[in-house]
file input-v1.cif (mmCIF, N, CA and C atoms)
data_target
#
loop_
_atom_site.label_atom_id
_atom_site.label_comp_id
_atom_site.auth_asym_id
_atom_site.auth_seq_id
_atom_site.Cartn_x
_atom_site.Cartn_y
_atom_site.Cartn_z
N MET A 11 109.30 133.74 121.63
CA MET A 11 108.74 132.43 121.86
C MET A 11 109.51 131.42 121.00
N THR A 12 109.93 130.35 121.61
CA THR A 12 110.65 129.30 120.91
C THR A 12 109.66 128.34 120.27
N GLN A 13 109.88 128.07 118.99
CA GLN A 13 109.03 127.10 118.32
C GLN A 13 109.72 125.75 118.31
N ILE A 14 108.96 124.72 118.55
CA ILE A 14 109.48 123.37 118.50
C ILE A 14 109.24 122.83 117.10
N GLN A 15 110.30 122.44 116.43
CA GLN A 15 110.19 121.89 115.08
C GLN A 15 110.00 120.38 115.18
N PRO A 16 109.04 119.84 114.46
CA PRO A 16 108.87 118.39 114.48
C PRO A 16 110.09 117.73 113.85
N THR A 17 110.46 116.59 114.40
CA THR A 17 111.58 115.85 113.82
C THR A 17 111.05 114.87 112.79
N ASP A 18 111.88 114.53 111.84
CA ASP A 18 111.52 113.57 110.81
C ASP A 18 112.05 112.21 111.25
N PRO A 19 111.16 111.28 111.69
CA PRO A 19 111.64 109.99 112.18
C PRO A 19 112.32 109.16 111.11
N THR A 20 112.08 109.46 109.84
CA THR A 20 112.68 108.67 108.78
C THR A 20 114.18 108.94 108.66
N THR A 21 114.67 110.06 109.20
CA THR A 21 116.10 110.34 109.10
C THR A 21 116.91 109.40 109.97
N ALA A 22 116.29 108.76 110.95
CA ALA A 22 116.99 107.82 111.82
C ALA A 22 117.11 106.43 111.19
N LEU A 23 116.36 106.20 110.12
CA LEU A 23 116.38 104.88 109.50
C LEU A 23 117.60 104.70 108.61
N ALA A 24 118.15 103.52 108.69
CA ALA A 24 119.28 103.19 107.83
C ALA A 24 118.75 102.86 106.43
N VAL A 25 119.63 102.97 105.48
CA VAL A 25 119.27 102.59 104.12
C VAL A 25 119.72 101.16 103.95
N PRO A 26 118.94 100.27 103.45
CA PRO A 26 117.55 100.41 103.02
C PRO A 26 116.57 100.27 104.18
N THR A 27 115.32 100.62 103.91
CA THR A 27 114.27 100.57 104.91
C THR A 27 113.28 99.46 104.56
N CYS A 28 112.92 98.66 105.57
CA CYS A 28 111.90 97.61 105.40
C CYS A 28 110.53 98.23 105.67
N PRO A 29 109.62 98.19 104.70
CA PRO A 29 108.29 98.76 104.91
C PRO A 29 107.29 97.80 105.53
N ASN A 30 107.77 96.68 106.06
CA ASN A 30 106.86 95.68 106.63
C ASN A 30 107.42 95.18 107.96
N ALA A 31 107.77 96.10 108.82
CA ALA A 31 108.41 95.79 110.09
C ALA A 31 107.39 95.56 111.20
N ALA A 32 107.89 95.06 112.31
CA ALA A 32 107.06 94.85 113.50
C ALA A 32 106.83 96.17 114.23
N CYS A 33 105.77 96.22 114.99
CA CYS A 33 105.50 97.37 115.85
C CYS A 33 106.37 97.23 117.09
N GLU A 34 107.42 98.01 117.13
CA GLU A 34 108.33 97.99 118.26
C GLU A 34 108.97 99.35 118.41
N PRO A 35 109.45 99.68 119.61
CA PRO A 35 110.08 100.98 119.80
C PRO A 35 111.23 101.17 118.80
N GLY A 36 111.28 102.36 118.21
CA GLY A 36 112.30 102.66 117.23
C GLY A 36 111.81 102.54 115.80
N ALA A 37 110.72 101.82 115.59
CA ALA A 37 110.12 101.72 114.25
C ALA A 37 109.39 103.03 113.96
N ILE A 38 108.92 103.16 112.73
CA ILE A 38 108.07 104.30 112.42
C ILE A 38 106.74 103.79 111.89
N LEU A 39 105.68 104.52 112.20
CA LEU A 39 104.35 104.20 111.71
C LEU A 39 104.20 104.82 110.33
N LEU A 40 103.87 103.99 109.34
CA LEU A 40 103.70 104.47 107.97
C LEU A 40 102.25 104.73 107.62
N GLY A 41 101.33 103.91 108.16
CA GLY A 41 99.93 104.07 107.78
C GLY A 41 99.01 103.13 108.53
N PHE A 42 97.73 103.23 108.17
CA PHE A 42 96.67 102.44 108.81
C PHE A 42 95.89 101.67 107.76
N LYS A 43 95.33 100.55 108.15
CA LYS A 43 94.47 99.78 107.26
C LYS A 43 93.12 100.48 107.17
N ALA A 44 92.71 100.79 105.95
CA ALA A 44 91.43 101.46 105.71
C ALA A 44 90.31 100.42 105.70
N PRO A 45 89.05 100.87 105.74
CA PRO A 45 87.92 99.92 105.71
C PRO A 45 87.93 99.00 104.49
N ASN A 46 88.54 99.43 103.39
CA ASN A 46 88.59 98.58 102.20
C ASN A 46 89.71 97.53 102.27
N GLY A 47 90.43 97.51 103.40
CA GLY A 47 91.49 96.52 103.60
C GLY A 47 92.86 96.95 103.09
N ARG A 48 92.94 98.10 102.46
CA ARG A 48 94.22 98.60 101.93
C ARG A 48 94.88 99.53 102.93
N ILE A 49 96.19 99.58 102.88
CA ILE A 49 96.93 100.47 103.77
C ILE A 49 96.88 101.89 103.22
N LYS A 50 96.53 102.83 104.06
CA LYS A 50 96.51 104.25 103.72
C LYS A 50 97.71 104.89 104.42
N ASN A 51 98.71 105.28 103.63
CA ASN A 51 99.92 105.85 104.20
C ASN A 51 99.68 107.23 104.79
N LEU A 52 100.41 107.51 105.85
CA LEU A 52 100.45 108.86 106.40
C LEU A 52 101.34 109.69 105.47
N ARG A 53 101.12 110.98 105.42
CA ARG A 53 102.01 111.83 104.62
C ARG A 53 103.35 112.00 105.33
N THR A 54 103.32 111.97 106.65
CA THR A 54 104.53 112.08 107.46
C THR A 54 104.56 110.91 108.42
N ALA A 55 105.67 110.22 108.46
CA ALA A 55 105.81 109.07 109.36
C ALA A 55 105.82 109.53 110.81
N MET A 56 105.42 108.63 111.70
CA MET A 56 105.38 108.93 113.13
C MET A 56 106.31 107.97 113.87
N ALA A 57 107.16 108.50 114.74
CA ALA A 57 108.05 107.65 115.52
C ALA A 57 107.24 106.80 116.50
N VAL A 58 107.65 105.56 116.67
CA VAL A 58 106.99 104.62 117.57
C VAL A 58 107.82 104.49 118.84
N ASP A 59 107.17 104.67 119.99
CA ASP A 59 107.88 104.52 121.27
C ASP A 59 107.18 103.45 122.11
N ASP A 60 107.71 103.21 123.31
CA ASP A 60 107.16 102.17 124.19
C ASP A 60 105.68 102.38 124.49
N ALA A 61 105.29 103.62 124.74
CA ALA A 61 103.90 103.91 125.08
C ALA A 61 102.98 103.60 123.90
N PHE A 62 103.40 103.96 122.69
CA PHE A 62 102.60 103.66 121.50
C PHE A 62 102.43 102.15 121.35
N VAL A 63 103.51 101.41 121.48
CA VAL A 63 103.47 99.95 121.33
C VAL A 63 102.50 99.34 122.34
N ALA A 64 102.60 99.75 123.59
CA ALA A 64 101.73 99.20 124.64
C ALA A 64 100.26 99.49 124.34
N GLN A 65 99.96 100.72 123.96
CA GLN A 65 98.58 101.09 123.67
C GLN A 65 98.07 100.37 122.42
N ALA A 66 98.89 100.27 121.39
CA ALA A 66 98.47 99.62 120.16
C ALA A 66 98.20 98.13 120.37
N ARG A 67 98.95 97.49 121.25
CA ARG A 67 98.78 96.06 121.49
C ARG A 67 97.56 95.74 122.36
N GLU A 68 96.98 96.75 123.01
CA GLU A 68 95.81 96.52 123.86
C GLU A 68 94.63 95.97 123.08
N VAL A 69 94.56 96.24 121.79
CA VAL A 69 93.42 95.79 120.99
C VAL A 69 93.82 94.76 119.93
N GLY A 70 94.94 94.07 120.16
CA GLY A 70 95.37 93.02 119.24
C GLY A 70 96.65 93.39 118.52
N PRO A 71 97.12 92.50 117.66
CA PRO A 71 98.37 92.75 116.95
C PRO A 71 98.29 94.01 116.08
N PRO A 72 99.12 95.02 116.38
CA PRO A 72 99.06 96.27 115.63
C PRO A 72 99.34 96.09 114.14
N GLU A 73 100.17 95.10 113.79
CA GLU A 73 100.55 94.90 112.40
C GLU A 73 99.38 94.49 111.52
N GLN A 74 98.30 94.03 112.13
CA GLN A 74 97.10 93.68 111.37
C GLN A 74 96.29 94.92 111.02
N ARG A 75 96.58 96.05 111.68
CA ARG A 75 95.83 97.29 111.46
C ARG A 75 96.67 98.44 110.96
N MET A 76 97.99 98.30 111.09
CA MET A 76 98.89 99.41 110.78
C MET A 76 100.12 98.89 110.03
N ARG A 77 100.82 99.78 109.37
CA ARG A 77 102.06 99.44 108.65
C ARG A 77 103.22 100.17 109.32
N PHE A 78 104.31 99.45 109.57
CA PHE A 78 105.49 99.99 110.22
C PHE A 78 106.72 99.79 109.35
N ALA A 79 107.72 100.61 109.59
CA ALA A 79 109.00 100.48 108.88
C ALA A 79 110.14 100.56 109.88
N SER A 80 111.24 99.94 109.52
CA SER A 80 112.46 100.00 110.32
C SER A 80 113.63 99.65 109.39
N PRO A 81 114.84 99.79 109.87
CA PRO A 81 115.97 99.43 109.00
C PRO A 81 115.84 97.98 108.51
N CYS A 82 116.10 97.78 107.23
CA CYS A 82 116.00 96.44 106.63
C CYS A 82 117.19 95.60 107.10
N PRO A 83 116.93 94.43 107.67
CA PRO A 83 118.03 93.59 108.15
C PRO A 83 118.72 92.80 107.03
N THR A 84 118.28 92.96 105.81
CA THR A 84 118.80 92.26 104.62
C THR A 84 119.09 90.79 104.91
N LYS A 85 120.33 90.39 104.90
CA LYS A 85 120.70 88.97 105.02
C LYS A 85 120.29 88.35 106.35
N ASN A 86 119.96 89.15 107.34
CA ASN A 86 119.53 88.63 108.64
C ASN A 86 118.02 88.45 108.74
N CYS A 87 117.33 88.55 107.61
CA CYS A 87 115.87 88.41 107.57
C CYS A 87 115.52 87.13 106.84
N ASP A 88 114.51 86.42 107.34
CA ASP A 88 114.05 85.19 106.70
C ASP A 88 113.52 85.43 105.28
N ASN A 89 113.09 86.66 104.99
CA ASN A 89 112.55 86.97 103.67
C ASN A 89 113.60 87.41 102.66
N TRP A 90 114.87 87.48 103.07
CA TRP A 90 115.93 87.92 102.17
C TRP A 90 116.41 86.71 101.37
N GLN A 91 116.19 86.76 100.07
CA GLN A 91 116.59 85.65 99.19
C GLN A 91 117.13 86.21 97.88
N ASP A 92 118.19 85.61 97.40
CA ASP A 92 118.77 85.98 96.10
C ASP A 92 119.05 87.48 96.00
N GLY A 93 119.53 88.06 97.08
CA GLY A 93 119.93 89.46 97.07
C GLY A 93 118.81 90.47 97.14
N GLY A 94 117.61 90.05 97.54
CA GLY A 94 116.49 90.98 97.65
C GLY A 94 115.42 90.45 98.58
N CYS A 95 114.38 91.26 98.75
CA CYS A 95 113.28 90.90 99.63
C CYS A 95 112.28 90.01 98.87
N ALA A 96 112.10 88.80 99.37
CA ALA A 96 111.19 87.86 98.73
C ALA A 96 109.72 88.23 98.97
N THR A 97 109.44 89.03 99.99
CA THR A 97 108.04 89.40 100.27
C THR A 97 107.45 90.14 99.09
N ILE A 98 108.10 91.21 98.65
CA ILE A 98 107.54 92.00 97.55
C ILE A 98 107.56 91.21 96.25
N THR A 99 108.57 90.38 96.07
CA THR A 99 108.63 89.54 94.86
C THR A 99 107.44 88.60 94.79
N ARG A 100 107.12 87.93 95.91
CA ARG A 100 105.97 87.02 95.96
C ARG A 100 104.66 87.75 95.72
N VAL A 101 104.50 88.91 96.34
CA VAL A 101 103.26 89.66 96.18
C VAL A 101 103.09 90.11 94.73
N LEU A 102 104.14 90.61 94.13
CA LEU A 102 104.04 91.05 92.74
C LEU A 102 103.74 89.88 91.81
N GLU A 103 104.28 88.72 92.08
CA GLU A 103 103.96 87.54 91.27
C GLU A 103 102.49 87.17 91.40
N GLN A 104 101.95 87.26 92.63
CA GLN A 104 100.54 86.93 92.85
C GLN A 104 99.61 87.96 92.19
N LEU A 105 100.04 89.20 92.15
CA LEU A 105 99.20 90.27 91.61
C LEU A 105 99.43 90.51 90.12
N GLU A 106 100.36 89.80 89.53
CA GLU A 106 100.77 90.06 88.16
C GLU A 106 99.61 90.17 87.18
N ASN A 107 98.65 89.28 87.28
CA ASN A 107 97.53 89.27 86.33
C ASN A 107 96.40 90.21 86.72
N THR A 108 96.44 90.75 87.93
CA THR A 108 95.35 91.62 88.37
C THR A 108 95.73 93.08 88.47
N MET A 109 97.02 93.37 88.39
CA MET A 109 97.45 94.77 88.51
C MET A 109 97.07 95.55 87.26
N THR A 110 96.56 96.73 87.49
CA THR A 110 96.26 97.63 86.38
C THR A 110 97.53 98.41 86.05
N ASP A 111 97.45 99.30 85.12
CA ASP A 111 98.61 100.10 84.77
C ASP A 111 99.15 100.81 86.00
N ILE A 112 100.45 100.97 86.01
CA ILE A 112 101.11 101.67 87.12
C ILE A 112 100.68 103.14 87.08
N ALA A 113 100.26 103.62 88.23
CA ALA A 113 99.82 105.01 88.32
C ALA A 113 100.98 105.95 88.01
N GLU A 114 100.69 106.99 87.27
CA GLU A 114 101.74 107.97 86.97
C GLU A 114 102.13 108.74 88.22
N ILE A 115 101.16 108.96 89.08
CA ILE A 115 101.43 109.65 90.34
C ILE A 115 101.32 108.61 91.45
N LEU A 116 102.43 108.34 92.10
CA LEU A 116 102.44 107.34 93.16
C LEU A 116 101.82 107.91 94.43
N PRO A 117 101.24 107.04 95.26
CA PRO A 117 100.65 107.51 96.52
C PRO A 117 101.74 108.07 97.44
N PRO A 118 101.36 108.95 98.35
CA PRO A 118 102.36 109.49 99.29
C PRO A 118 103.04 108.36 100.06
N CYS A 119 104.32 108.50 100.30
CA CYS A 119 105.06 107.51 101.06
C CYS A 119 106.23 108.19 101.75
N PRO A 120 106.26 108.13 103.07
CA PRO A 120 107.34 108.82 103.79
C PRO A 120 108.71 108.13 103.72
N ILE A 121 108.78 106.90 103.17
CA ILE A 121 110.08 106.22 103.12
C ILE A 121 110.52 105.86 101.71
N ARG A 122 109.83 106.31 100.68
CA ARG A 122 110.14 105.86 99.32
C ARG A 122 111.62 105.98 98.99
N LYS A 123 112.26 107.06 99.40
CA LYS A 123 113.67 107.27 99.01
C LYS A 123 114.61 106.22 99.63
N THR A 124 114.19 105.54 100.69
CA THR A 124 115.03 104.51 101.30
C THR A 124 114.38 103.13 101.28
N CYS A 125 113.20 103.01 100.70
CA CYS A 125 112.43 101.76 100.74
C CYS A 125 113.12 100.65 99.95
N GLN A 126 113.33 99.51 100.60
CA GLN A 126 113.91 98.35 99.93
C GLN A 126 113.03 97.88 98.79
N TRP A 127 111.73 97.84 98.98
CA TRP A 127 110.82 97.35 97.94
C TRP A 127 110.85 98.25 96.72
N TYR A 128 110.84 99.58 96.93
CA TYR A 128 110.89 100.53 95.81
C TYR A 128 112.23 100.42 95.09
N SER A 129 113.29 100.32 95.86
CA SER A 129 114.62 100.19 95.28
C SER A 129 114.72 98.92 94.43
N GLN A 130 114.09 97.89 94.88
CA GLN A 130 114.16 96.58 94.23
C GLN A 130 113.22 96.46 93.02
N CYS A 131 112.01 97.01 93.13
CA CYS A 131 110.98 96.77 92.11
C CYS A 131 110.38 98.02 91.50
N GLY A 132 110.80 99.19 91.94
CA GLY A 132 110.28 100.42 91.38
C GLY A 132 108.82 100.68 91.72
N ALA A 133 108.14 101.41 90.82
CA ALA A 133 106.76 101.84 91.05
C ALA A 133 105.80 100.66 91.25
N SER A 134 106.12 99.51 90.69
CA SER A 134 105.25 98.34 90.88
C SER A 134 105.10 98.00 92.36
N ALA A 135 106.19 98.16 93.11
CA ALA A 135 106.14 97.89 94.55
C ALA A 135 105.18 98.84 95.24
N CYS A 136 105.15 100.09 94.81
CA CYS A 136 104.26 101.08 95.42
C CYS A 136 102.80 100.72 95.18
N VAL A 137 102.51 100.22 94.00
CA VAL A 137 101.14 99.83 93.67
C VAL A 137 100.70 98.65 94.53
N ALA A 138 101.60 97.70 94.77
CA ALA A 138 101.26 96.51 95.55
C ALA A 138 101.34 96.75 97.05
N CYS A 139 102.09 97.74 97.46
CA CYS A 139 102.39 97.96 98.88
C CYS A 139 101.13 98.08 99.74
N ASP A 140 100.12 98.74 99.23
CA ASP A 140 98.95 98.99 100.08
C ASP A 140 98.08 97.76 100.33
N VAL A 141 98.39 96.62 99.71
CA VAL A 141 97.61 95.41 99.98
C VAL A 141 98.33 94.47 100.94
N ILE A 142 99.53 94.84 101.36
CA ILE A 142 100.33 93.95 102.21
C ILE A 142 100.18 94.34 103.67
N THR A 143 99.76 93.40 104.48
CA THR A 143 99.79 93.55 105.93
C THR A 143 100.50 92.33 106.48
N ASN A 144 100.98 92.45 107.68
CA ASN A 144 101.73 91.36 108.26
C ASN A 144 101.40 91.25 109.73
N ASP A 145 101.40 90.03 110.23
CA ASP A 145 101.15 89.79 111.63
C ASP A 145 102.44 89.30 112.26
N HIS A 146 103.13 90.18 112.95
CA HIS A 146 104.38 89.84 113.62
C HIS A 146 104.13 89.37 115.06
N ALA A 147 102.87 89.09 115.39
CA ALA A 147 102.55 88.67 116.75
C ALA A 147 103.18 87.31 117.04
N PRO A 148 103.64 87.11 118.26
CA PRO A 148 104.22 85.80 118.59
C PRO A 148 103.16 84.71 118.54
N VAL A 149 103.56 83.53 118.09
CA VAL A 149 102.65 82.38 118.04
C VAL A 149 102.46 81.87 119.46
N GLN A 150 101.21 81.68 119.84
CA GLN A 150 100.89 81.19 121.17
C GLN A 150 101.02 79.67 121.19
N PRO A 151 101.36 79.08 122.34
CA PRO A 151 101.44 77.62 122.43
C PRO A 151 100.15 76.98 121.95
N GLY A 152 100.27 75.95 121.12
CA GLY A 152 99.09 75.25 120.62
C GLY A 152 98.53 75.83 119.35
N GLN A 153 99.09 76.97 118.88
CA GLN A 153 98.61 77.59 117.64
C GLN A 153 99.68 77.41 116.57
N GLY A 154 99.23 77.31 115.34
CA GLY A 154 100.16 77.28 114.23
C GLY A 154 100.49 78.69 113.81
N ALA A 155 101.54 78.84 113.06
CA ALA A 155 101.89 80.16 112.53
C ALA A 155 100.87 80.57 111.50
N THR A 156 100.61 81.89 111.41
CA THR A 156 99.65 82.40 110.42
C THR A 156 100.36 83.05 109.28
#

call {"tool": "encode", "arguments": {"input": "input-v1.cif", "output": "C-alpha cells"}}
result
Amino acid sequence: MTQIQPTDPTTALAVPTCPNAACEPGAILLGFKAPNGRIKNLRTAMAVDDAFVAQAREVGPPEQRMRFASPCPTKNCDNWQDGGCATITRVLEQLENTMTDIAEILPPCPIRKTCQWYSQCGASACVACDVITNDHAPVQPGQGAT
C-alpha cells in the first residue's frame, strides 16, 4: 500500500516570508482568530487554493478571522520602509509599555525560520504577532479604507 506523505507548504515560500498576507491562492494559512481576539497558530501550515479562498470569503473577509503568509514583497510593499517591515515596527512601538517579559518558549509557528518579522525583531515579534490581524478586503465604492 502506498502512503501519501503530506507536503510542507512552507517549503514553497521564498525567504523572507510575510506573516500578514492576503487570503489568495498560493498563500498558506497560519492560524485562526480565537475568541479572545488573538491569533492561534496552527502547528503545521495549510496550503491555500482557489476552493479555500472561495469558501472562506462566503462569510466575510477571511483576513479578519485568519492569518495568512506568502513571500514578502519587500520593496514592492507599502509597508516596507527603511529596509524593513513597518507593520511589526509600529505594533511593537504601540505595545512597548504593555508587553510583559518575552516568553522563553515561543508559541508554535510554521514560518519562524523564514518570517520577516522574526528576522527583523526577534522574539518580540512573536509575542506581538498574535494580536495582529489585517483586512485585505477591497474597499467598496463609497466606503473609506479601514

call {"tool": "atom_distance", "arguments": {"input": "input-v1.cif", "atom1": "atom N of A:Ile98", "atom2": "atom N of A:Glu73"}}
result
17.5 Å

call {"tool": "closest_residue", "arguments": {"input": "input-v1.cif", "among": "A:Pro118, A:Asp60, A:Ile49, A:Asp140", "to": "A:Arg75", "atoms": "only N, CA and C atoms"}}
result
A:Ile49

call {"tool": "residues_around", "arguments": {"input": "input-v1.cif", "residues": "stretch 120-137 of chain A", "least_positions_apart": "5", "cutoff": "7 Å", "atoms": "only C-alpha atoms", "output": "list in words"}}
result
Thr20, Val25, Pro26, Thr27, Cys28, Pro29, Arg53, Thr54, Ala55, Gly94, Ile98 and Ile112 of chain A

call {"tool": "select_by_dssp", "arguments": {"input": "input-v1.cif", "residues": "stretch 17-135 of chain A", "states": "strand (DSSP E)", "output": "PDB file with N, CA and C atoms, keeping the file's coordinate frame"}}
result
ATOM      1  N   THR A  27     115.320 100.620 103.910  1.00  0.00           N
ATOM      2  CA  THR A  27     114.270 100.570 104.910  1.00  0.00           C
ATOM      3  C   THR A  27     113.280  99.460 104.560  1.00  0.00           C
ATOM      4  N   CYS A  28     112.920  98.660 105.570  1.00  0.00           N
ATOM      5  CA  CYS A  28     111.900  97.610 105.400  1.00  0.00           C
ATOM      6  C   CYS A  28     110.530  98.230 105.670  1.00  0.00           C
ATOM      7  N   PRO A  29     109.620  98.190 104.700  1.00  0.00           N
ATOM      8  CA  PRO A  29     108.290  98.760 104.910  1.00  0.00           C
ATOM      9  C   PRO A  29     107.290  97.800 105.530  1.00  0.00           C
ATOM     10  N   ASN A  30     107.770  96.680 106.060  1.00  0.00           N
ATOM     11  CA  ASN A  30     106.860  95.680 106.630  1.00  0.00           C
ATOM     12  C   ASN A  30     107.420  95.180 107.960  1.00  0.00           C
ATOM     13  N   ALA A  31     107.770  96.100 108.820  1.00  0.00           N
ATOM     14  CA  ALA A  31     108.410  95.790 110.090  1.00  0.00           C
ATOM     15  C   ALA A  31     107.390  95.560 111.200  1.00  0.00           C
ATOM     16  N   ILE A  38     108.920 103.160 112.730  1.00  0.00           N
ATOM     17  CA  ILE A  38     108.070 104.300 112.420  1.00  0.00           C
ATOM     18  C   ILE A  38     106.740 103.790 111.890  1.00  0.00           C
ATOM     19  N   LEU A  39     105.680 104.520 112.200  1.00  0.00           N
ATOM     20  CA  LEU A  39     104.350 104.200 111.710  1.00  0.00           C
ATOM     21  C   LEU A  39     104.200 104.820 110.330  1.00  0.00           C
ATOM     22  N   LEU A  40     103.870 103.990 109.340  1.00  0.00           N
ATOM     23  CA  LEU A  40     103.700 104.470 107.970  1.00  0.00           C
ATOM     24  C   LEU A  40     102.250 104.730 107.620  1.00  0.00           C
ATOM     25  N   GLY A  41     101.330 103.910 108.160  1.00  0.00           N
ATOM     26  CA  GLY A  41      99.930 104.070 107.780  1.00  0.00           C
ATOM     27  C   GLY A  41      99.010 103.130 108.530  1.00  0.00           C
ATOM     28  N   PHE A  42      97.730 103.230 108.170  1.00  0.00           N
ATOM     29  CA  PHE A  42      96.670 102.440 108.810  1.00  0.00           C
ATOM     30  C   PHE A  42      95.890 101.670 107.760  1.00  0.00           C
ATOM     31  N   LYS A  43      95.330 100.550 108.150  1.00  0.00           N
ATOM     32  CA  LYS A  43      94.470  99.780 107.260  1.00  0.00           C
ATOM     33  C   LYS A  43      93.120 100.480 107.170  1.00  0.00           C
ATOM     34  N   ILE A  49      96.190  99.580 102.880  1.00  0.00           N
ATOM     35  CA  ILE A  49      96.930 100.470 103.770  1.00  0.00           C
ATOM     36  C   ILE A  49      96.880 101.890 103.220  1.00  0.00           C
ATOM     37  N   LYS A  50      96.530 102.830 104.060  1.00  0.00           N
ATOM     38  CA  LYS A  50      96.510 104.250 103.720  1.00  0.00           C
ATOM     39  C   LYS A  50      97.710 104.890 104.420  1.00  0.00           C
ATOM     40  N   ASN A  51      98.710 105.280 103.630  1.00  0.00           N
ATOM     41  CA  ASN A  51      99.920 105.850 104.200  1.00  0.00           C
ATOM     42  C   ASN A  51      99.680 107.230 104.790  1.00  0.00           C
ATOM     43  N   LEU A  52     100.410 107.510 105.850  1.00  0.00           N
ATOM     44  CA  LEU A  52     100.450 108.860 106.400  1.00  0.00           C
ATOM     45  C   LEU A  52     101.340 109.690 105.470  1.00  0.00           C
ATOM     46  N   ARG A  53     101.120 110.980 105.420  1.00  0.00           N
ATOM     47  CA  ARG A  53     102.010 111.830 104.620  1.00  0.00           C
ATOM     48  C   ARG A  53     103.350 112.000 105.330  1.00  0.00           C
ATOM     49  N   THR A  54     103.320 111.970 106.650  1.00  0.00           N
ATOM     50  CA  THR A  54     104.530 112.080 107.460  1.00  0.00           C
ATOM     51  C   THR A  54     104.560 110.910 108.420  1.00  0.00           C
ATOM     52  N   ALA A  55     105.670 110.220 108.460  1.00  0.00           N
ATOM     53  CA  ALA A  55     105.810 109.070 109.360  1.00  0.00           C
ATOM     54  C   ALA A  55     105.820 109.530 110.810  1.00  0.00           C
ATOM     55  N   MET A  56     105.420 108.630 111.700  1.00  0.00           N
ATOM     56  CA  MET A  56     105.380 108.930 113.130  1.00  0.00           C
ATOM     57  C   MET A  56     106.310 107.970 113.870  1.00  0.00           C
ATOM     58  N   ALA A  57     107.160 108.500 114.740  1.00  0.00           N
ATOM     59  CA  ALA A  57     108.050 107.650 115.520  1.00  0.00           C
ATOM     60  C   ALA A  57     107.240 106.800 116.500  1.00  0.00           C
ATOM     61  N   MET A  76      97.990  98.300 111.090  1.00  0.00           N
ATOM     62  CA  MET A  76      98.890  99.410 110.780  1.00  0.00           C
ATOM     63  C   MET A  76     100.120  98.890 110.030  1.00  0.00           C
ATOM     64  N   ARG A  77     100.820  99.780 109.370  1.00  0.00           N
ATOM     65  CA  ARG A  77     102.060  99.440 108.650  1.00  0.00           C
ATOM     66  C   ARG A  77     103.220 100.170 109.320  1.00  0.00           C
ATOM     67  N   PHE A  78     104.310  99.450 109.570  1.00  0.00           N
ATOM     68  CA  PHE A  78     105.490  99.990 110.220  1.00  0.00           C
ATOM     69  C   PHE A  78     106.720  99.790 109.350  1.00  0.00           C
ATOM     70  N   ALA A  79     107.720 100.610 109.590  1.00  0.00           N
ATOM     71  CA  ALA A  79     109.000 100.480 108.880  1.00  0.00           C
ATOM     72  C   ALA A  79     110.140 100.560 109.880  1.00  0.00           C
ATOM     73  N   SER A  80     111.240  99.940 109.520  1.00  0.00           N
ATOM     74  CA  SER A  80     112.460 100.000 110.320  1.00  0.00           C
ATOM     75  C   SER A  80     113.630  99.650 109.390  1.00  0.00           C
ATOM     76  N   PRO A  81     114.840  99.790 109.870  1.00  0.00           N
ATOM     77  CA  PRO A  81     115.970  99.430 109.000  1.00  0.00           C
ATOM     78  C   PRO A  81     115.840  97.980 108.510  1.00  0.00           C
ATOM     79  N   TRP A  90     114.870  87.480 103.070  1.00  0.00           N
ATOM     80  CA  TRP A  90     115.930  87.920 102.170  1.00  0.00           C
ATOM     81  C   TRP A  90     116.410  86.710 101.370  1.00  0.00           C
ATOM     82  N   GLN A  91     116.190  86.760 100.070  1.00  0.00           N
ATOM     83  CA  GLN A  91     116.590  85.650  99.190  1.00  0.00           C
ATOM     84  C   GLN A  91     117.130  86.210  97.880  1.00  0.00           C
ATOM     85  N   GLY A  94     117.610  90.050  97.540  1.00  0.00           N
ATOM     86  CA  GLY A  94     116.490  90.980  97.650  1.00  0.00           C
ATOM     87  C   GLY A  94     115.420  90.450  98.580  1.00  0.00           C
ATOM     88  N   CYS A  95     114.380  91.260  98.750  1.00  0.00           N
ATOM     89  CA  CYS A  95     113.280  90.900  99.630  1.00  0.00           C
ATOM     90  C   CYS A  95     112.280  90.010  98.870  1.00  0.00           C
TER      91      CYS A  95
END

call {"tool": "atom_distance", "arguments": {"input": "input-v1.cif", "atom1": "atom CA of A:Pro83", "atom2": "atom CA of A:Pro71"}}
result
21.6 Å

call {"tool": "atom_distance", "arguments": {"input": "input-v1.cif", "atom1": "atom N of A:Met56", "atom2": "atom N of A:Thr84"}}
result
21.1 Å

call {"tool": "resolve_selection", "arguments": {"input": "input-v1.cif", "expression": "the PyMOL selection byres (((chain A and resi 48 and name CA) around 10) and name CA)", "output": "list in words"}}
result
Gly41, Phe42, Lys43, Ala44, Pro45, Asn46, Gly47, Ile49, Lys50, Asn51, Arg75, Ala138, Cys139, Asp140, Val141, Ile142 and Thr143 of chain A

call {"tool": "resolve_selection", "arguments": {"input": "input-v1.cif", "expression": "the PyMOL selection byres ((chain A and resi 30) around 7)", "output": "PyMOL selection string"}}
result
chain A and resi 27-29+31-32+77-80+144

call {"tool": "closest_residue", "arguments": {"input": "input-v1.cif", "among": "A:Met76, A:Pro81, A:Glu106, A:Ala61", "to": "A:Ala37", "atoms": "only N, CA and C atoms"}}
result
A:Pro81
